[in-house]
Number of protein chains: 2
Amino acid sequence: MNDAATHFASSQGGTPADVGKYVDRTAIEAAEILPGLRFQPVIGTNALLNFVSYEPHSEAPLHTHEEEQIVLVLEGELHFHVNGHDRVLRPGDVVVVPPWVPHGAHTLDVPCLQVDFFTPARETLRRQAIAAIPGSSVQCS
Amino acid sequence: MNDAATHFASSQGGTPADVGKYVDRTAIEAAEILPGLRFQPVIGTNALLNFVSYEPHSEAPLHTHEEEQIVLVLEGELHFHVNGHDRVLRPGDVVVVPPWVPHGAHTLDVPCLQVDFFTPARETLRRQAIAAIPGSSVQCS
């Protein structure tokens with residue numbers, strides 16, 4: 001098979017463990033975890049997506065965790081720090097953060113919307129996602 | 001600890017398996033896998049992010065795979081199908097696609113930019129990502 005045929009194969013090689021779901025971000029209850037920093041998580045099975053909004057002059061402090069994380073900036077401007085390297089990120093910029101790599105971020109005068117993907121799902125966000133999701137998603141069973 | 005203290009803990013509970021990296025999406029070589037459908041993958045360890053751009057009237061055919069997938073629409077308009085349920089998605093809309101759940105998408109007159117997050121990394125995209133990434137990322141070791 002060529003790449004497209006391999007990528008878009010439709011053979012049913014396993015059984016779905018869950019149903020698909022559509023989620024409306026604007027309907028997810030936002031939790032302000034620190035001043036000016038709000039989370040809107042979407043829970044998967046072994047993955048979790050989290051929308052993070054920063055008001056100007058807010059901060060996600062330097063931290064580490066066992067989950068792998070990929071960061072994507074959606075709006076605004078974010079001052080990011082990973083493993084001693086600083087960079088100002090703008091929409092379309094990505095950061096790959098392997099397990100246990102120290103990272104943090106803050107805004108200055110410009111707000112920011114970023115999305116984080118975690119695998120496995122971060123436990124602190126799983127709890128919020130389970131509480132927040134009923135009104136924000138449509139299950140496709 | 002409260003939620004913020006737990007979430008932003010900085011204890012070093014493990015050893016980083018890899019270095020962090022910054023990736024510039026515009027520098028990732030885009031591969032046209034089907035007419036009007038282009039991929040720009042970013043590889044992690046057990047995760048992979050893929051930017052997917054659709055020209056008007058292009059299609060990602062219905063397919064299934066063992067990897068879990070979370071879809072986020074970034075720009076434009078996407079006609080999505082998951083497990084028999086159709087919806088028109090716009091920026092900020094999310095779809096959670098568990099392993100082996102059939103899904104596909106197409107555009108009509110409006111183009112679309114979406115981002116997919118996979119865990120584990122999809123093998124077809126890993127190969128492309130490994131080939132494409134050297135010029136598009138800065139490793140933070």
# chains A, B, ... in the order shown; residues from 1 in each chain; ligands from 1

$ select_by_dssp --residues "chain B" --states "helix (DSSP H, G or I)" --output "list in words"
Asp3, Ala4, Ala5, Thr6, His7, Arg25, Thr26, Ala27, Glu123, Thr124, Leu125, Arg126, Arg127, Gln128, Ala129, Ile130, Ala131 and Ala132 of chain B

$ closest_atom_pairs --of "chain A" --to "chain B" --cutoff "6 Å" --atoms "only C-alpha atoms" --output "tab-separated table"
residue	atom	partner	partner_atom	distance
A:Ala4	CA	B:Ile33	CA	5.7
A:Phe8	CA	B:His63	CA	5.0
A:Ala9	CA	B:His63	CA	5.4
A:Ser10	CA	B:His63	CA	4.2
A:Gly14	CA	B:Trp100	CA	6.0
A:Pro16	CA	B:Trp100	CA	4.9
A:Asp18	CA	B:Pro98	CA	5.9
A:Gly20	CA	B:Val97	CA	4.8
A:Lys21	CA	B:Val96	CA	5.2
A:Tyr22	CA	B:Val95	CA	4.6
A:Val23	CA	B:Val94	CA	5.0
A:Asp24	CA	B:Asp93	CA	5.3
A:Arg25	CA	B:Gly92	CA	5.9
A:Ile33	CA	B:Ala4	CA	5.7
A:His63	CA	B:Ser10	CA	4.2
A:Thr64	CA	B:Ser10	CA	5.0
A:Gly92	CA	B:Arg25	CA	5.9
A:Asp93	CA	B:Asp24	CA	5.3
A:Val94	CA	B:Val23	CA	5.0
A:Val95	CA	B:Tyr22	CA	4.6
A:Val96	CA	B:Lys21	CA	5.2
A:Val97	CA	B:Gly20	CA	4.9
A:Pro98	CA	B:Asp18	CA	6.0
A:Pro99	CA	B:Pro16	CA	5.6
A:Trp100	CA	B:Pro16	CA	4.9
A:Val101	CA	B:Pro16	CA	5.6

$ write_last_selection --atoms "N, CA and C atoms" --output "mmCIF file, in the first residue's frame"
data_model
loop_
_atom_site.group_PDB
_atom_site.id
_atom_site.type_symbol
_atom_site.label_atom_id
_atom_site.label_comp_id
_atom_site.auth_asym_id
_atom_site.auth_seq_id
_atom_site.Cartn_x
_atom_site.Cartn_y
_atom_site.Cartn_z
ATOM 1 N N ALA A 4 -0.860 6.913 1.700
ATOM 2 C CA ALA A 4 -2.251 7.302 1.939
ATOM 3 C C ALA A 4 -3.106 6.082 2.251
ATOM 4 N N PHE A 8 -4.949 5.725 5.800
ATOM 5 C CA PHE A 8 -6.408 5.777 5.855
ATOM 6 C C PHE A 8 -7.041 4.387 5.761
ATOM 7 N N ALA A 9 -6.342 3.373 6.230
ATOM 8 C CA ALA A 9 -6.907 2.020 6.225
ATOM 9 C C ALA A 9 -8.166 1.983 7.087
ATOM 10 N N SER A 10 -9.143 1.192 6.641
ATOM 11 C CA SER A 10 -10.402 1.152 7.393
ATOM 12 C C SER A 10 -10.691 -0.234 7.958
ATOM 13 N N GLY A 14 -9.523 -3.864 15.876
ATOM 14 C CA GLY A 14 -9.760 -3.942 17.312
ATOM 15 C C GLY A 14 -11.140 -3.412 17.633
ATOM 16 N N PRO A 16 -13.553 -0.713 19.637
ATOM 17 C CA PRO A 16 -13.505 0.587 20.327
ATOM 18 C C PRO A 16 -13.720 0.416 21.828
ATOM 19 N N ASP A 18 -14.315 2.978 23.780
ATOM 20 C CA ASP A 18 -15.205 4.056 24.204
ATOM 21 C C ASP A 18 -15.858 4.625 22.949
ATOM 22 N N GLY A 20 -16.862 7.943 20.420
ATOM 23 C CA GLY A 20 -16.314 9.247 20.081
ATOM 24 C C GLY A 20 -17.169 10.335 20.701
ATOM 25 N N LYS A 21 -16.622 11.540 20.821
ATOM 26 C CA LYS A 21 -17.445 12.653 21.296
ATOM 27 C C LYS A 21 -16.985 13.977 20.708
ATOM 28 N N TYR A 22 -17.966 14.836 20.469
ATOM 29 C CA TYR A 22 -17.728 16.209 20.036
ATOM 30 C C TYR A 22 -17.767 17.097 21.272
ATOM 31 N N VAL A 23 -16.814 18.015 21.377
ATOM 32 C CA VAL A 23 -16.737 18.892 22.544
ATOM 33 C C VAL A 23 -16.670 20.350 22.088
ATOM 34 N N ASP A 24 -17.480 21.170 22.710
ATOM 35 C CA ASP A 24 -17.532 22.604 22.431
ATOM 36 C C ASP A 24 -16.719 23.328 23.503
ATOM 37 N N ARG A 25 -15.591 23.894 23.110
ATOM 38 C CA ARG A 25 -14.698 24.515 24.110
ATOM 39 C C ARG A 25 -15.414 25.589 24.922
ATOM 40 N N ILE A 33 -6.947 28.284 38.117
ATOM 41 C CA ILE A 33 -6.084 27.522 39.032
ATOM 42 C C ILE A 33 -5.110 28.432 39.761
ATOM 43 N N HIS A 63 7.677 23.747 36.538
ATOM 44 C CA HIS A 63 7.254 22.493 37.165
ATOM 45 C C HIS A 63 7.710 21.310 36.316
ATOM 46 N N THR A 64 7.542 20.121 36.876
ATOM 47 C CA THR A 64 7.879 18.883 36.165
ATOM 48 C C THR A 64 6.761 17.874 36.418
ATOM 49 N N GLY A 92 0.896 29.002 16.399
ATOM 50 C CA GLY A 92 1.526 28.008 15.535
ATOM 51 C C GLY A 92 2.824 27.450 16.097
ATOM 52 N N ASP A 93 3.376 28.094 17.131
ATOM 53 C CA ASP A 93 4.606 27.577 17.738
ATOM 54 C C ASP A 93 4.292 26.415 18.668
ATOM 55 N N VAL A 94 5.187 25.420 18.638
ATOM 56 C CA VAL A 94 5.006 24.163 19.374
ATOM 57 C C VAL A 94 6.194 23.954 20.308
ATOM 58 N N VAL A 95 5.930 23.362 21.470
ATOM 59 C CA VAL A 95 7.006 22.903 22.349
ATOM 60 C C VAL A 95 6.751 21.447 22.699
ATOM 61 N N VAL A 96 7.760 20.611 22.527
ATOM 62 C CA VAL A 96 7.676 19.211 22.950
ATOM 63 C C VAL A 96 8.377 19.099 24.299
ATOM 64 N N VAL A 97 7.636 18.633 25.304
ATOM 65 C CA VAL A 97 8.157 18.533 26.674
ATOM 66 C C VAL A 97 8.108 17.065 27.095
ATOM 67 N N PRO A 98 9.233 16.353 26.998
ATOM 68 C CA PRO A 98 9.246 14.940 27.424
ATOM 69 C C PRO A 98 9.018 14.826 28.940
ATOM 70 N N PRO A 99 8.692 13.635 29.414
ATOM 71 C CA PRO A 99 8.499 13.435 30.852
ATOM 72 C C PRO A 99 9.667 13.967 31.673
ATOM 73 N N TRP A 100 9.352 14.641 32.757
ATOM 74 C CA TRP A 100 10.305 15.132 33.760
ATOM 75 C C TRP A 100 11.219 16.261 33.276
ATOM 76 N N VAL A 101 10.916 16.866 32.146
ATOM 77 C CA VAL A 101 11.695 18.033 31.720
ATOM 78 C C VAL A 101 11.067 19.298 32.331
#

$ atom_distance --atom1 "atom CA of Asn50 of chain B" --atom2 "atom CA of Pro35 of chain B"
17.3 Å

$ atom_distance --atom1 "atom CA of Val52 of chain B" --atom2 "atom CA of Ile28 of chain A"
24.6 Å

$ atom_distance --atom1 "atom CA of Ala121 of chain A" --atom2 "atom CA of Tyr54 of chain A"
21.4 Å

$ residues_around --residues "Glu77 of chain A" --least-positions-apart "4" --cutoff "10 Å" --atoms "only C-alpha atoms" --output "PyMOL selection string"
chain A and resi 54+56+73+88-91+106-114
